[in-house]
Every structure is written in C-alpha cells, then in structure tokens.
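Asks: One structure, as structure tokens, below. Some questions next.
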6 protein chains.
Amino acid sequence: MTLVLCKTFVSQLTTPILLDPATVIANDFFFPGLNIPSNTSANKLGSSVNLVNVDKFPGLNTLGISLARIDFAPYGLNPPHTHPHGTELLVVIEGTLLVGFVTSNPNKLFTKVLNKGDVFVFPIGLIHFQFNTGETNSLAFSSLSSQNPGLITIANAVFGSNPPINPDVLIKVFQLDKSVVDYLQKQF
Amino acid sequence: MTLVLCKTFVSQLTTPILLDPATVIANDFFFPGLNIPSNTSANKLGSSVNLVNVDKFPGLNTLGISLARIDFAPYGLNPPHTHPHGTELLVVIEGTLLVGFVTSNPNKLFTKVLNKGDVFVFPIGLIHFQFNTGETNSLAFSSLSSQNPGLITIANAVFGSNPPINPDVLIKVFQLDKSVVDYLQKQF
Amino acid sequence: MTLVLCKTFVSQLTTPILLDPATVIANDFFFPGLNIPSNTSANKLGSSVNLVNVDKFPGLNTLGISLARIDFAPYGLNPPHTHPHGTELLVVIEGTLLVGFVTSNPNKLFTKVLNKGDVFVFPIGLIHFQFNTGETNSLAFSSLSSQNPGLITIANAVFGSNPPINPDVLIKVFQLDKSVVDYLQKQF
Amino acid sequence: MTLVLCKTFVSQLTTPILLDPATVIANDFFFPGLNIPSNTSANKLGSSVNLVNVDKFPGLNTLGISLARIDFAPYGLNPPHTHPHGTELLVVIEGTLLVGFVTSNPNKLFTKVLNKGDVFVFPIGLIHFQFNTGETNSLAFSSLSSQNPGLITIANAVFGSNPPINPDVLIKVFQLDKSVVDYLQKQF
Amino acid sequence: MTLVLCKTFVSQLTTPILLDPATVIANDFFFPGLNIPSNTSANKLGSSVNLVNVDKFPGLNTLGISLARIDFAPYGLNPPHTHPHGTELLVVIEGTLLVGFVTSNPNKLFTKVLNKGDVFVFPIGLIHFQFNTGETNSLAFSSLSSQNPGLITIANAVFGSNPPINPDVLIKVFQLDKSVVDYLQKQF
Amino acid sequence: MTLVLCKTFVSQLTTPILLDPATVIANDFFFPGLNIPSNTSANKLGSSVNLVNVDKFPGLNTLGISLARIDFAPYGLNPPHTHPHGTELLVVIEGTLLVGFVTSNPNKLFTKVLNKGDVFVFPIGLIHFQFNTGETNSLAFSSLSSQNPGLITIANAVFGSNPPINPDVLIKVFQLDKSVVDYLQKQF
C-alpha cells in the first residue's frame with residue numbers, strides 16, 4: 001500500500017512527529033485558527049508572527065512548505081531576520097508595509113512600500129524586515145518554501161544569545177564603547 | 001559579485017524570463033493586485049484561480065514557491081485537479097469550503113469542511129478539489145512549493161484534450177455508452 | 001565502514017524495510033519472476049501491471065528507480081493514470097500499443113503508436129495511458145525514476161474513492177445527470 | 001502556458017538539445033529501434049551496449065531516467081565499469097548472466113547468476129559487471145536513474161586514457177613490471 | 001560524448017562562466033596561490049578572506065563545493081556573518097581561534113577555542129564568527145558545501161546597506177538613540 | 001524549538017549517530033587532531049588518508065561536507081580511486097603533487113603538477129589519483145561535497161574484493177594470462 005504521504009523522509013532540521021499511514025485521518029492535514037490575530041503588544045516591536053511549521057503541524061512533513069500569519073500594530077516592526085532554510089512569499093491582506101531585503105556582498109537593499117493585495121518575495125537566507133508605516137493594524141500571510149524554514153532574528157542572535165557572544169567580538173565589529181555593547185546585550 | 005538571486009538555475013518546466021543581476025530592482029520582487037477578486041462567472045463552475053507563478057512573476061525564479069488567489073461564488077467549485085510539481089497549502093480568508101484529496105492505491109479520500117482561518121495541505125501530485133458549500137462568496141490563498149507547480153484539471157485533460165483521446169479508451173475505462181463519452185468530449 | 005547502500009535516507013512516501021549493513025547479501029539486490037505474464041483477465045480492462053517498487057524490493061531503497069512489467073490482452077488497456085513521484089520510460093517487447101500523455105494547461109495530447117523495440121517517455125505527474133490496439137498480446141517494460149513512483153488511476157480516484165467524493169462535485173464538474181454519476185460511482 | 005516538459009533545467013553533464021515548447025511533437029518523446037540487436041563482434045569482449053541517454057534522445061531532458069539495451073554473445077562480457085550519475089536496474093530478457101558489484105571500503109562483492117525475468121540493481125557509482133556464462137546469446141534491458149548516467153569503463157580509463165596515466169603510477173599501484181604495464185597501456 | 005563536467009546546470013546564484021566541453025583543459029580545474037597570505041591590515045578587523053568560489057574558479061561549476069583561505073592578524077576578527085547557501089567546515093593550520101555559531105530560536109551559542117589541527121563545522125545559514133585570541137597570526141582553510149555559498153556580513157548588511165535601511169527600523173530594533181544608529185550607519 | 005541541526009534527514013549511505021537536540025554541545029561540532037601526520041609507511045604506496053566523514057564526526061550529519069588530511073612520503077601515491085558520492089577539492093599545504101582525473105567516454109586524462117597553495121578539483125564519481133613526485137613529504141587537505149563521499153580504490157575493488165571477482169572476467173577484460181591475474185588477485 002503506497003497510501004500515505006507522511007511517514008517519510010525528513011527534509012529539515014528537527015524531528016517531526018511521524019504520522020502512521022494506517023491511522024492517518026483528514027484532521028492530520030488540517031490546522032485551524034489563522035483567523036485569530038496574535039497579540040502584538042507582547043513585545044516592544046508591535047508585531048507578532050504565528051508560524052505554522054512542521055513542529056506545530058506534522059502533516060506538513062516532507063511537503064516542503066509552511067505558512068505564517070503576521071500581525072502588525074501601528075508602527076509595528078517584524079525586525080531584520082533570516083530564514084536559513086526557506087524563501088518567504090508575502091501577501092498583504094490589510095494595511096501598509098515597508099519591506100526590504102539585503103543581498104550578499106555588496107550589500108544592496110531592495111525595498112518597497114506594499115499595500116493590500118501586494119506580493120513580495122524574500123529570497124532564502126537573506127536578511128529582511130517588514131514595518132507597518134501606517135496608523136492602523138496591518139495583516140499579512142507569508143508562505144515559506146520549507147516545512148521548517150528556521151528563524152534567526154539578527155539582533156537577538158547577535159546581542160541576546162545564550163551564552164552571550166564574547167563582548168570583545170561585538171566591540172570590535174560595531175566599533176562601539178563597551179558600555180553600549182553591555183547595554184545592547186542586556187536588551188536582548 | 002554574488003549579488004542577485006535570479007539569473008540562475010531553472011527549477012521547473014518552462015523557461016522563465018531571466019533577470020539581469022546588473023539592473024534588477026525592487027519591483028522585480030514585487031507583484032501587485034491580489035486584492036482584486038477574479039471573475040467567477042466566466043465559467044459554469046463558479047470559481048476562478050489567479051496563479052502567480054514564475055511565468056507571471058519572474059522574480060520567483062529559483063526560489064521554489066508561488067501563490068494563488070482563489071475566488072468562489074456561492075456553490076462555486078475548483079474542480080478535481082493535480083499540481084504535478086508542487087504541494088498546495090491553502091488558508092481560507094472568507095467563507096466555507098469543502099475540500100479533499102485522494103491518495104494513491106488504495107484510493108482513500110481525505111475530506112474536511114473549512115472555515116475562515118483554517119489551513120489544509122494537498123500533497124504534491126494528488127487529485128484534490130475545493131467546493132464552496134456556502135451561500136456567500138469564499139476566498140482562499142494557496143501557496144505552492146514550486147515556482148511553477150503546473151495544473152492538470154482532470155476532466156479537461158481526460159475529456160477535453162487537443163487532439164482528443166481515442167474514444168475507445170474512454171468507453172473502456174468508464175464503461176459508458178459511446179454517446180455519453182461523445183457528450184463529455186463535447187463539454188470540454 | 002561505508003559498506004552498504006541501503007540503510008539510508010528514505011526518498012519517498014512509504015516506510016521501506018531497512019536492510020542491515022552488517023547482514024545484507026546479494027539476494028537483497030535481486031528480484032525474480034518478471035518473465036511470468038500476469039493475469040490480464042482479472043479485470044475488465046485486459047491489462048495487468050506488476051510494479052516492482054521499494055515496497056516489494058527493499059534493495060531499491062535510496063536508489064531512485066523502479067521497474068514494471070505490463071501485460072496486455074488483445075484490446076487491453078492500461079487506463080489513464082499518473083505517477084506523482086516519477087517519470088515512466090517504456091519499451092515495447094512484444095505487440096503494438098497506442099500510447100499518449102496530456103500536458104498541463106492547455107491540455108495537449110501527445111500520442112503515438114508503438115511497435116516492438118519502440119521507447120516512449122511519460123513525464124512525471126502527467127496523465128497517460130497505453131492501449132493494445134492489436135489482436136495479439138502485448139508486453140512492455142517500464143522503468144520509473146523513483147523507488148516509489150506512486151499510482152493514481154484517474155477513474156478510480158475520481159469515481160471510486162473511499163469514502164466517495166460528494167456527488168454534487170462530480171455532477172458539477174462533468175455536467176452529468178445524478179444518475180450517471182451514481183452509475184459511475186458504483187462502477188469503481 | 002505551462003505546456004512542455006523539455007525546455008528546462010539541465011540536470012546532468014552535457015548540454016542537451018533543448019526542445020522548443022511551441023513546436024514539440026509526440027515524436028520528441030519517442031525513440032525507436034531497441035528491438036535490433038547490436039553487434040557483439042565489434043570488440044573482443046563479445047558484448048554491446050546501446051545506451052539511450054539524453055544526448056541521443058533529447059526528450060529525456062529533465063526527466064531523470066534513461067535506458068540501455070545490452071546484447072551478449074556466448075561468454076560475452078560487459079566489463080567492470082561505473083555510472084557516476086545513476087543507479088542501474090537490469091532485467092534479463094533472454095539467457096543467463098553472472099553479475100556483480102563491489103562496495104566501498106571494505107571491498108565486498110555482491111554477485112548472483114541471473115536468468116530470464118530476473119532483476120538486479122547496481123547502486124550509483126559502484127563498480128559492476130555482467131558476464132554471459134551461457135552458450136547462447138543473452139539480452140538485458142537496463143534503466144538508469146539519470147538522463148545522462150555517464151560511463152567509466154575501468155580498464156579503459158586506467159590503462160587507456162588519452163594522454164596515458166604516468167606509468168610509474170600504475171607500476172606502483174599494481175606492483176607489476178614496467179613491461180606488463182606497457183603491454184596493458186597498449187591494449188587499451 | 002559525455003565528456004566534460006562543466007557546461008551544465010547552474011546550482012547557485014550567479015551566472016558562472018561556462019566551460020566549453022570541446023576545449024576544456026586541466027588548467028580549468030586548477031586554481032593557484034592559496035599559499036599567499038592576504039593582507040590583514042586592509043581593514044580595522046585584522047582578518048582577510050580569500051574565497052575561491054565559482055565566480056573566480058569556473059571549473060567548480062555544478063560541483064557543489066568551494067574553498068577559502070582565512071588569515072588573521074593577532075586579535076584579528078572574521079566578524080559575525082552567514083553563508084546563505086552553504087555549510088562551512090574549518091580547519092586551523094596555524095594559531096588559535098575562538099569560534100562560535102548561534103542557532104535558530106532560541107538563540108543558543110555554540111563556542112569553542114580551536115588550535116592547530118582542530119576542525120569545526122558551521123551549519124548552513126547560521127550566524128558565526130572566528131576570532132584570533134592569540135598574539136600571533138592565525139591561518140585557517142574553510143571549505144563550503146556550495147560552488148557559491150554567498151556571504152552576508154551581519155553588521156555591514158544591517159548598518160551599511162545601499163541604500164541604508166530606514167533608521168526608524170534600526171532604532172526600534174536596537175532600542176538605541178538615533179545618534180547611535182546614525183553613528184553606526186556611518187561606520188559601515 | 002527549532003534548535004539543532006543534527007537530528008535530521010540522512011543524506012548518505014550509512015546510518016549516522018543522531019545527536020539529540022536537547023543535549024547537543026559545542027564539542028559535537030568539533031573534531032581535533034588534523035595537525036598530526038598519519039603513518040605513510042603502513043602500506044607500500046607511501047600515502048595515508050585520514051578522512052573525517054560523518055561516521056567519525058556525527059556533527060556533519062545533514063551538512064553535506066567532509067574533510068581529509070592526506071600525507072605523502074617521497075614518491076608516495078594515493079592510488080586511482082573514486083568517491084561515488086562527492087566531488088573532491090584539494091589544496092596543497094606542503095610539497096609537490098602530480099594529480100589527474102579521467103573523464104567518461106572518451107577517457108580523457110586531465111593532469112597537472114601542483115605546488116604549495118595550488119588547488120585542484122576532482123569531479124564527483126571520476127577516477128583520480130595524487131602522486132608525490134618530490135623527494136620530500138607532501139601534505140594536502142581535501143574537502144568533499146558530501147558527509148559521506150565513499151571511497152572505491154580501483155585496484156583493490158577489481159583485484160581484491162571479497163569474495164574475488166571470477167578470474168575469467170578479469171582475464172577477458174585485461175587480456176592477461178591467468179597467472180598474472182592470479183598474481184594480481186593475491187596482491188590485494
């Protein structure tokens with residue numbers, strides 16, 4: 001029996017929950033709740049991402065795709081980050097977003113203001129951001145070309161890792177006083 | 001210069017327009033207009049798909065993903081079809097959809113009624129459909145795990161190809177009278 | 001020890017039986033019996049496929065290929081079907097076959113009459129068929145570019161799934177009376 | 001138009017002739033003549049391989065598979081060789097073949113005598129051979145998991161390259177007299 | 001003729017110079033000069049990377065690998081960066097290096113002091129750095145699992161892109177005064 | 001938690017030891033000792049390869065790369081061999097090496113004398129060798145585009161497999177007397 005599309009090769013980084021071909025049901029391919037805004041006031045940035053990857057939705061295993069709902073308060077920011085394992089394709093459902101990504105050397109910024117119905121693509125592995133420049137909430141859906149695209153938020157990874165990166169490294173890179181680096185390492 | 005993400009290997013079936021790394025701009029990664037409903041009364045099925053693949057949006061080249069807006073009139077149907085090159089991940093924005101896909105031998109149907117905010121995944125290559133069972137319009141966005149997922153609408157391919165499939169083949173398969181096969185071949 | 005080619009990544013849809021590198025023998029890479037015709041009178045179509053995929057032949061695991069013997073009685077038909085995970089390359093050993101496949105939109109049919117020694121290729125994911133138009137038995141071997149290419153017989157998947165597809169979907173698609181759809185759903 | 005499966009990414013080593021989606025016809029997916037035995041007396045080994053790869057059959061482009069007809073005179077030998085880009089799956093149509101392949105370190109030989117209807121798989125990149133141990137002709141078809149699997153005949157590559165490998169290398173490897181190495185380099 | 005390994009599919013982001021199979025010579029697979037230290041005093045960081053990718057060395061085309069020589073002055077730093085298309089495998093030839101990488105959420109730092117002969121692996125897409133903590137020069141070779149791994153130096157991409165990222169984005173992310181962000185944007 | 005890069009899909013031929021994302025530490029990405037020459041007098045060839053693949057270094061799992069240190073005594077030879085699963089990229093650290101590889105039919109040799117700092121690439125699956133033509137030791141590092149590239153030493157595989165290849169096969173291939181084949185089979 002060549003039945004089910006789940007108990008198969010693992011194309012990404014964590015260990016998904018494997019579905020059993022003998023007992024899999026329609027609900028295994030179903031994930032509810034993306035109509036519900038997530039809380040954009042839980043952090044100072046005013047944005048919130050609900051990423052439905054294979055860790056949350058085992059039916060995506062081997063299928064090479066995932067989906068995120070992104071909510072923005074006015075002036076909310078989804079800060080510079082990368083997805084090491086997937087390209088992101090975003091469509092604006094409501095509001096206005098300033099978006100951009102930066103290429104490899106040389107570091108060229110491709111940036112655009114998006115409105116309702118606009119689509120923008122952020123190529124795999126590049127640093128990108130989305131910023132609500134409007135005075136109302138914004139809403140976007142992003143699909144990603146991996147069941148587990150990963151997420152590296154730049155500021156958190158650089159200044160907020162556990163354990164912290166040696167401050168001498170950061171002082172040298174950013175040509176900042178030790179006090180500013182200390183301040184930044186406390187922020188994150 | 002390792003700059004641009006476009007003039008590269010072609011991962012799918014047609015020949016995309018290659019962007020020139022020296023002149024590429026932000027607009028090359030941008031596609032507008034998915035806020036506009038497509039016309040669901042252009043055919044008898046009451047649905048319409050606006051698929052933004054690499055043929056329409058050259059910036060998707062090499063990036064392994066595409067996006068579709070699907071509009072449904074009341075009782076509108078996106079008929080049984082396959083995408084030979086990609087998995088489809090659908091999220092309902094408005095309305096109610098009965099969806100399903102059929103697996104390989106044995107032919108098991110996985111089916112579900114979806115409402116606003118619900119997500120469903122249709123694995124690569126399998127026959128699937130979406131049917132608006134409500135009395136109002138429905139709207140969904142689907143992302144696909146390929147820059148060019150392809151689309152084979154089953155009834156059209158079987159009964160409406162050009163040139164037509166030998167009627168003896170279809171009579172034998174469906175155990176139907178020649179008159180019914182003739183009727184079906186005229187439909188499509 | 002880098003010895004054996006079997007206990008490795010699973011490239012397809014089911015869970016192959018993994019061979020143990022320590023105990024694997026030549027017989028694990030061997031599969032007998034493709035000289036024996038299969039029974040073409042077990043169904044009304046007059047054809048029979050013996051597909052040797054990784055489920056039957058665990059030694060194919062990770063190797064990206066499989067093989068089928070296809071027997072046709074006079075006027076026997078291998079009905080329209082797809083392999084979601086592999087291209088099929090067919091060679092005629094005996095007899096005459098009318099073959100064809102239908103491409104994505106638009107639905108163009110590529111068809112040809114094949115005789116002994118002729119080769120034809122059916123690209124991955126496309127609907128195709130083989131029909132013995134001669135008055136003697138035909139025999140073909142097909143290789144497929146996957147250890148587990150999958151098989152979706154169109155008529156069975158559309159009209160014979162378990163549970164059945166909602167008849168309203170099929171009535172709408174095929175513009176047929178409910179009685180004809182009922183008839184078809186009983187056939188399969 | 002997502003029509004044709006040919007003008008696309010080149011997955012292997014040479015530059016295939018690209019088909020034009022606008023003018024492609026059924027004959028582009030067709031290759032005749034594998035019913036005709038090839039000449040097994042053109043060399044001393046008594047075997048002959050007719051490999052239908054993408055160089056001969058442009059329709060295979062992007063499809064990941066190719067096919068060979070192999071004829072053997074009595075005691076004919078298809079000598080030790082590798083396919084650097086594909087696994088080989090062989091089926092015996094007529095006669096008897098002694099076949100084998102050798103794994104990576106340690107060098108373990110997996111060998112078997114095959115008769116009509118027997119299938120054997122030679123994993124990608126491994127050294128393998130087929131030897132007709134019978135007194136009648138043998139015939140096999142082999143499919144390969146690449147549109148262009150490549151072929152490296154071991155003895156020819158080692159002793160018959162152009163220009164020749166430095167004899168000191170071969171003397172050291174095989175611990176043979178210079179005269180024997182000279183003899184071997186003249187053979188090939 | 002299945003001869004040459006170069007005029008083939010392009011697996012990465014730029015357009016390599018394609019070699020002509022008819023005229024390719026040994027020098028096409030050869031690249032000299034990695035014995036020569038690069039100048040570590042050309043920038044304030046005290047390190048210099050000579051990355052031999054397919055742009056410099058066309059013979060790497062389709063082969064999935066590249067190589068870098070990295071020189072460090074005392075206290076020289078190869079600052080936090082990512083390779084969006086390749087894993088890096090580093091071996092220390094001379095000196096002492098403090099190295100580290102940060103994983104996806106949560107942001108965990110894996111760090112180690114390396115000495116001569118030590119090997120460390122930096123997985124694809126993750127932020128990593130190498131810091132010479134000794135008072136003598138250090139030297140390392142790094143291989144990367146792509147013909148064109150790409151390079152995104154974090155500080156340069158975030159603070160030094162052209163055009164610059166909107167300062168409001170950076171102020172919001174780092175919770176820094178506008179003057180500090182202005183200072184940083186001038187640095188890079 | 002999308003944390004760790006190890007417990008994932010197995011891209012090669014053996015079964016790597018899977019790291020546990022919950023307990024993985026920096027040492028799992030670390031491998032020491034490549035500063036130590038290996039013993040080049042353990043065999044008659046005067047060379048020794050220390051290949052650090054995923055079997056020795058589980059942290060390489062899924063990362064698509066491995067590394068080897070190769071030591072050569074004066075006139076030491078790394079004999080003709082293939083890596084069925086990876087391209088090799090070699091850099092000379094000390095000494096002089098005559099290197100070469102042979103392509104598919106026709107068998108063309110690409111050969112070059114390398115000195116300190118020279119890089120040469122040996123494409124996946126092709127027969128290649130490295131020979132120290134100098135009177136001093138040589139040292140090279142080779143990276144390979146696979147976590148488990150495999151190694152098939154031609155002479156050992158052909159003449160030294162266990163069990164041995166049928167001598168009739170070898171006599172026929174090499175057109176040698178049985179006594180010479182017997183001699184060669186005893187050598188390996």
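So you can find residues: chains in the structure tokens are A, B, ... in the order shown, residues in each start at 1, and ligands are numbered from 1 in order.
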Distance table requested - chain E against chain F, cut-off 7 Å, only C-alpha atoms: one row per qualifying residue with the closest atom pair and its distance in Å to one decimal, ordered by chain and rising residue number, as a tab-separated table.
Replies:
residue	atom	partner	partner_atom	distance
E:Met1	CA	F:Asn105	CA	6.5
E:Thr2	CA	F:Ser104	CA	6.1
E:Leu3	CA	F:Ser104	CA	5.6
E:Val4	CA	F:Thr103	CA	6.9
E:Ile25	CA	F:Phe110	CA	6.7
E:Ala26	CA	F:Phe110	CA	4.7
E:Phe29	CA	F:Val121	CA	5.5
E:Phe30	CA	F:Phe120	CA	4.6
E:Phe31	CA	F:Val119	CA	5.0
E:Pro32	CA	F:Asp118	CA	4.2
E:Gly33	CA	F:Gly117	CA	5.1
E:Leu34	CA	F:Gly117	CA	4.1
E:Asn35	CA	F:Gly117	CA	3.9
E:Leu63	CA	F:Thr87	CA	6.2
E:Gly64	CA	F:Ser145	CA	6.1
E:Ile65	CA	F:Ser145	CA	5.8
E:Thr87	CA	F:Leu63	CA	6.2
E:Thr103	CA	F:Leu3	CA	6.0
E:Ser104	CA	F:Leu3	CA	5.6
E:Asn105	CA	F:Thr2	CA	6.2
E:Pro106	CA	F:Leu3	CA	6.6
E:Phe110	CA	F:Ala26	CA	4.8
E:Thr111	CA	F:Ala26	CA	5.8
E:Lys112	CA	F:Ala26	CA	6.5
E:Lys116	CA	F:Asn35	CA	6.0
E:Gly117	CA	F:Asn35	CA	3.9
E:Asp118	CA	F:Pro32	CA	4.2
E:Val119	CA	F:Phe31	CA	4.9
E:Phe120	CA	F:Phe30	CA	4.6
E:Val121	CA	F:Phe29	CA	5.5
E:Pro123	CA	F:Leu63	CA	6.5
E:Ser143	CA	F:Ser143	CA	6.2
E:Ser145	CA	F:Ile65	CA	5.8
Asks: Out of chain D, which residues get strand (DSSP E or B) from DSSP, as a PyMOL selection string?
Replies: chain D and resi 30-31+47-52+66-72+77-82+88-94+97-102+108-114+119-122+127-132+138-144+152-153+162
Asks: Check the DSSP output for the backbone and give back, as a ChimeraX atom specification, the residues of stretch 65-160 of chain A in helix (DSSP H, G or I).
Replies: /A:154-159
Asks: One number please: atom CA of F:Asn43 to atom CA of F:Asn156, in Å, one decimal.
Replies: 13.1 Å
Asks: Using only C-alpha atoms, which protein or nucleic acid residues come within 8 Å of stretch 171-184 of chain B? Drop anything in the same chain fewer than 2 positions from it, and give the result as a PDB file with N, CA, C and O atoms, in the first residue's frame.
Replies:
ATOM      1  N   PHE B 159     -11.239  14.502 -20.950  1.00  0.00           N
ATOM      2  CA  PHE B 159     -12.281  14.617 -21.979  1.00  0.00           C
ATOM      3  C   PHE B 159     -12.067  15.790 -22.931  1.00  0.00           C
ATOM      4  O   PHE B 159     -12.746  15.877 -23.944  1.00  0.00           O
ATOM      5  N   PRO B 167     -11.770   7.711 -28.332  1.00  0.00           N
ATOM      6  CA  PRO B 167     -12.975   7.429 -27.534  1.00  0.00           C
ATOM      7  C   PRO B 167     -13.029   5.983 -27.036  1.00  0.00           C
ATOM      8  O   PRO B 167     -13.597   5.737 -25.959  1.00  0.00           O
ATOM      9  N   ASP B 168     -12.444   5.058 -27.776  1.00  0.00           N
ATOM     10  CA  ASP B 168     -12.456   3.662 -27.308  1.00  0.00           C
ATOM     11  C   ASP B 168     -11.773   3.528 -25.950  1.00  0.00           C
ATOM     12  O   ASP B 168     -12.152   2.681 -25.140  1.00  0.00           O
ATOM     13  N   VAL B 169     -10.745   4.327 -25.745  1.00  0.00           N
ATOM     14  CA  VAL B 169     -10.066   4.300 -24.444  1.00  0.00           C
ATOM     15  C   VAL B 169     -11.032   4.724 -23.348  1.00  0.00           C
ATOM     16  O   VAL B 169     -11.163   4.068 -22.298  1.00  0.00           O
ATOM     17  N   LYS B 186     -17.572  16.644 -25.898  1.00  0.00           N
ATOM     18  CA  LYS B 186     -18.035  17.951 -26.404  1.00  0.00           C
ATOM     19  C   LYS B 186     -18.078  19.015 -25.306  1.00  0.00           C
ATOM     20  O   LYS B 186     -17.901  20.201 -25.564  1.00  0.00           O
ATOM     21  N   GLN B 187     -18.357  18.567 -24.091  1.00  0.00           N
ATOM     22  CA  GLN B 187     -18.390  19.506 -22.962  1.00  0.00           C
ATOM     23  C   GLN B 187     -17.073  20.283 -22.794  1.00  0.00           C
ATOM     24  O   GLN B 187     -17.070  21.442 -22.416  1.00  0.00           O
ATOM     25  N   PHE B 188     -15.975  19.608 -22.982  1.00  0.00           N
ATOM     26  CA  PHE B 188     -14.695  20.196 -22.531  1.00  0.00           C
ATOM     27  C   PHE B 188     -13.852  20.723 -23.683  1.00  0.00           C
ATOM     28  O   PHE B 188     -14.037  20.370 -24.809  1.00  0.00           O
TER      29      PHE B 188
ATOM     30  N   LEU C  45     -10.446  -4.549 -17.984  1.00  0.00           N
ATOM     31  CA  LEU C  45      -9.618  -3.720 -18.861  1.00  0.00           C
ATOM     32  C   LEU C  45      -8.645  -4.537 -19.704  1.00  0.00           C
ATOM     33  O   LEU C  45      -8.130  -4.047 -20.700  1.00  0.00           O
ATOM     34  N   LEU C  77      -6.229  -2.434 -21.983  1.00  0.00           N
ATOM     35  CA  LEU C  77      -5.979  -1.010 -21.725  1.00  0.00           C
ATOM     36  C   LEU C  77      -5.368  -0.813 -20.349  1.00  0.00           C
ATOM     37  O   LEU C  77      -5.910  -1.295 -19.352  1.00  0.00           O
ATOM     38  N   PRO C  79      -5.325   2.021 -18.092  1.00  0.00           N
ATOM     39  CA  PRO C  79      -6.169   3.216 -18.213  1.00  0.00           C
ATOM     40  C   PRO C  79      -5.451   4.487 -17.775  1.00  0.00           C
ATOM     41  O   PRO C  79      -4.403   4.426 -17.110  1.00  0.00           O
ATOM     42  N   ALA C 155      -9.836   7.304 -13.137  1.00  0.00           N
ATOM     43  CA  ALA C 155     -11.254   6.976 -12.976  1.00  0.00           C
ATOM     44  C   ALA C 155     -11.534   6.432 -11.578  1.00  0.00           C
ATOM     45  O   ALA C 155     -12.537   6.792 -10.945  1.00  0.00           O
ATOM     46  N   PHE C 174     -18.701  17.355 -14.356  1.00  0.00           N
ATOM     47  CA  PHE C 174     -18.894  16.636 -15.618  1.00  0.00           C
ATOM     48  C   PHE C 174     -20.191  17.024 -16.319  1.00  0.00           C
ATOM     49  O   PHE C 174     -20.447  16.561 -17.422  1.00  0.00           O
ATOM     50  N   LEU C 184     -21.521   5.728 -12.283  1.00  0.00           N
ATOM     51  CA  LEU C 184     -20.064   5.702 -12.322  1.00  0.00           C
ATOM     52  C   LEU C 184     -19.488   5.389 -10.945  1.00  0.00           C
ATOM     53  O   LEU C 184     -18.515   4.638 -10.821  1.00  0.00           O
ATOM     54  N   GLN C 187     -19.580   1.750 -10.443  1.00  0.00           N
ATOM     55  CA  GLN C 187     -18.609   1.001 -11.249  1.00  0.00           C
ATOM     56  C   GLN C 187     -17.286   0.776 -10.517  1.00  0.00           C
ATOM     57  O   GLN C 187     -16.664  -0.270 -10.653  1.00  0.00           O
TER      58      GLN C 187
END
Asks: F:Pro74: which residues within 6 Å, counting only C-alpha atoms, same-chain residues fewer than 4 positions away excluded, as JSON, numbers by chain?
Replies: {"F": [134, 135, 136, 137]}
Asks: Please provide the set of residues having any atom within 8 Å of D:Thr133, restricted to only C-alpha atoms, with same-chain residues fewer than 5 positions apart removed, written as a PyMOL selection string.
Replies: chain D and resi 74-76+96-98
Asks: Next, the residues of the selection above should be written as a PDB file, in the first residue's frame with N, CA and C atoms.
Replies:
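File produced: selection.pdb:
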ATOM      1  N   PRO D  74      27.728 -15.526 -26.652  1.00  0.00           N
ATOM      2  CA  PRO D  74      28.153 -16.517 -25.658  1.00  0.00           C
ATOM      3  C   PRO D  74      29.496 -16.100 -25.050  1.00  0.00           C
ATOM      4  N   TYR D  75      29.582 -16.151 -23.728  1.00  0.00           N
ATOM      5  CA  TYR D  75      30.770 -15.735 -22.977  1.00  0.00           C
ATOM      6  C   TYR D  75      31.096 -14.241 -23.182  1.00  0.00           C
ATOM      7  N   GLY D  76      30.123 -13.513 -23.623  1.00  0.00           N
ATOM      8  CA  GLY D  76      30.308 -12.064 -23.768  1.00  0.00           C
ATOM      9  C   GLY D  76      30.337 -11.385 -22.400  1.00  0.00           C
ATOM     10  N   THR D  96      21.470 -16.143 -19.671  1.00  0.00           N
ATOM     11  CA  THR D  96      21.973 -16.277 -18.307  1.00  0.00           C
ATOM     12  C   THR D  96      23.128 -15.296 -18.107  1.00  0.00           C
ATOM     13  N   LEU D  97      23.115 -14.572 -17.007  1.00  0.00           N
ATOM     14  CA  LEU D  97      24.185 -13.608 -16.745  1.00  0.00           C
ATOM     15  C   LEU D  97      24.704 -13.778 -15.329  1.00  0.00           C
ATOM     16  N   LEU D  98      26.030 -13.790 -15.220  1.00  0.00           N
ATOM     17  CA  LEU D  98      26.676 -13.652 -13.909  1.00  0.00           C
ATOM     18  C   LEU D  98      26.925 -12.164 -13.709  1.00  0.00           C
TER      19      LEU D  98
END
Asks: Could you tell me how far atom CA of F:His128 lies from atom CA of D:Pro164, in Å and to one decimal?
Replies: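 These two atoms are separated by 12.8 Å.
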Asks: Rounded to one decimal, what separation in Å do you get between atom CA of A:Pro80 and atom CA of A:Gln130?
Replies: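 Atom-to-atom, atom CA of A:Pro80 to atom CA of A:Gln130, that is 7.9 Å.
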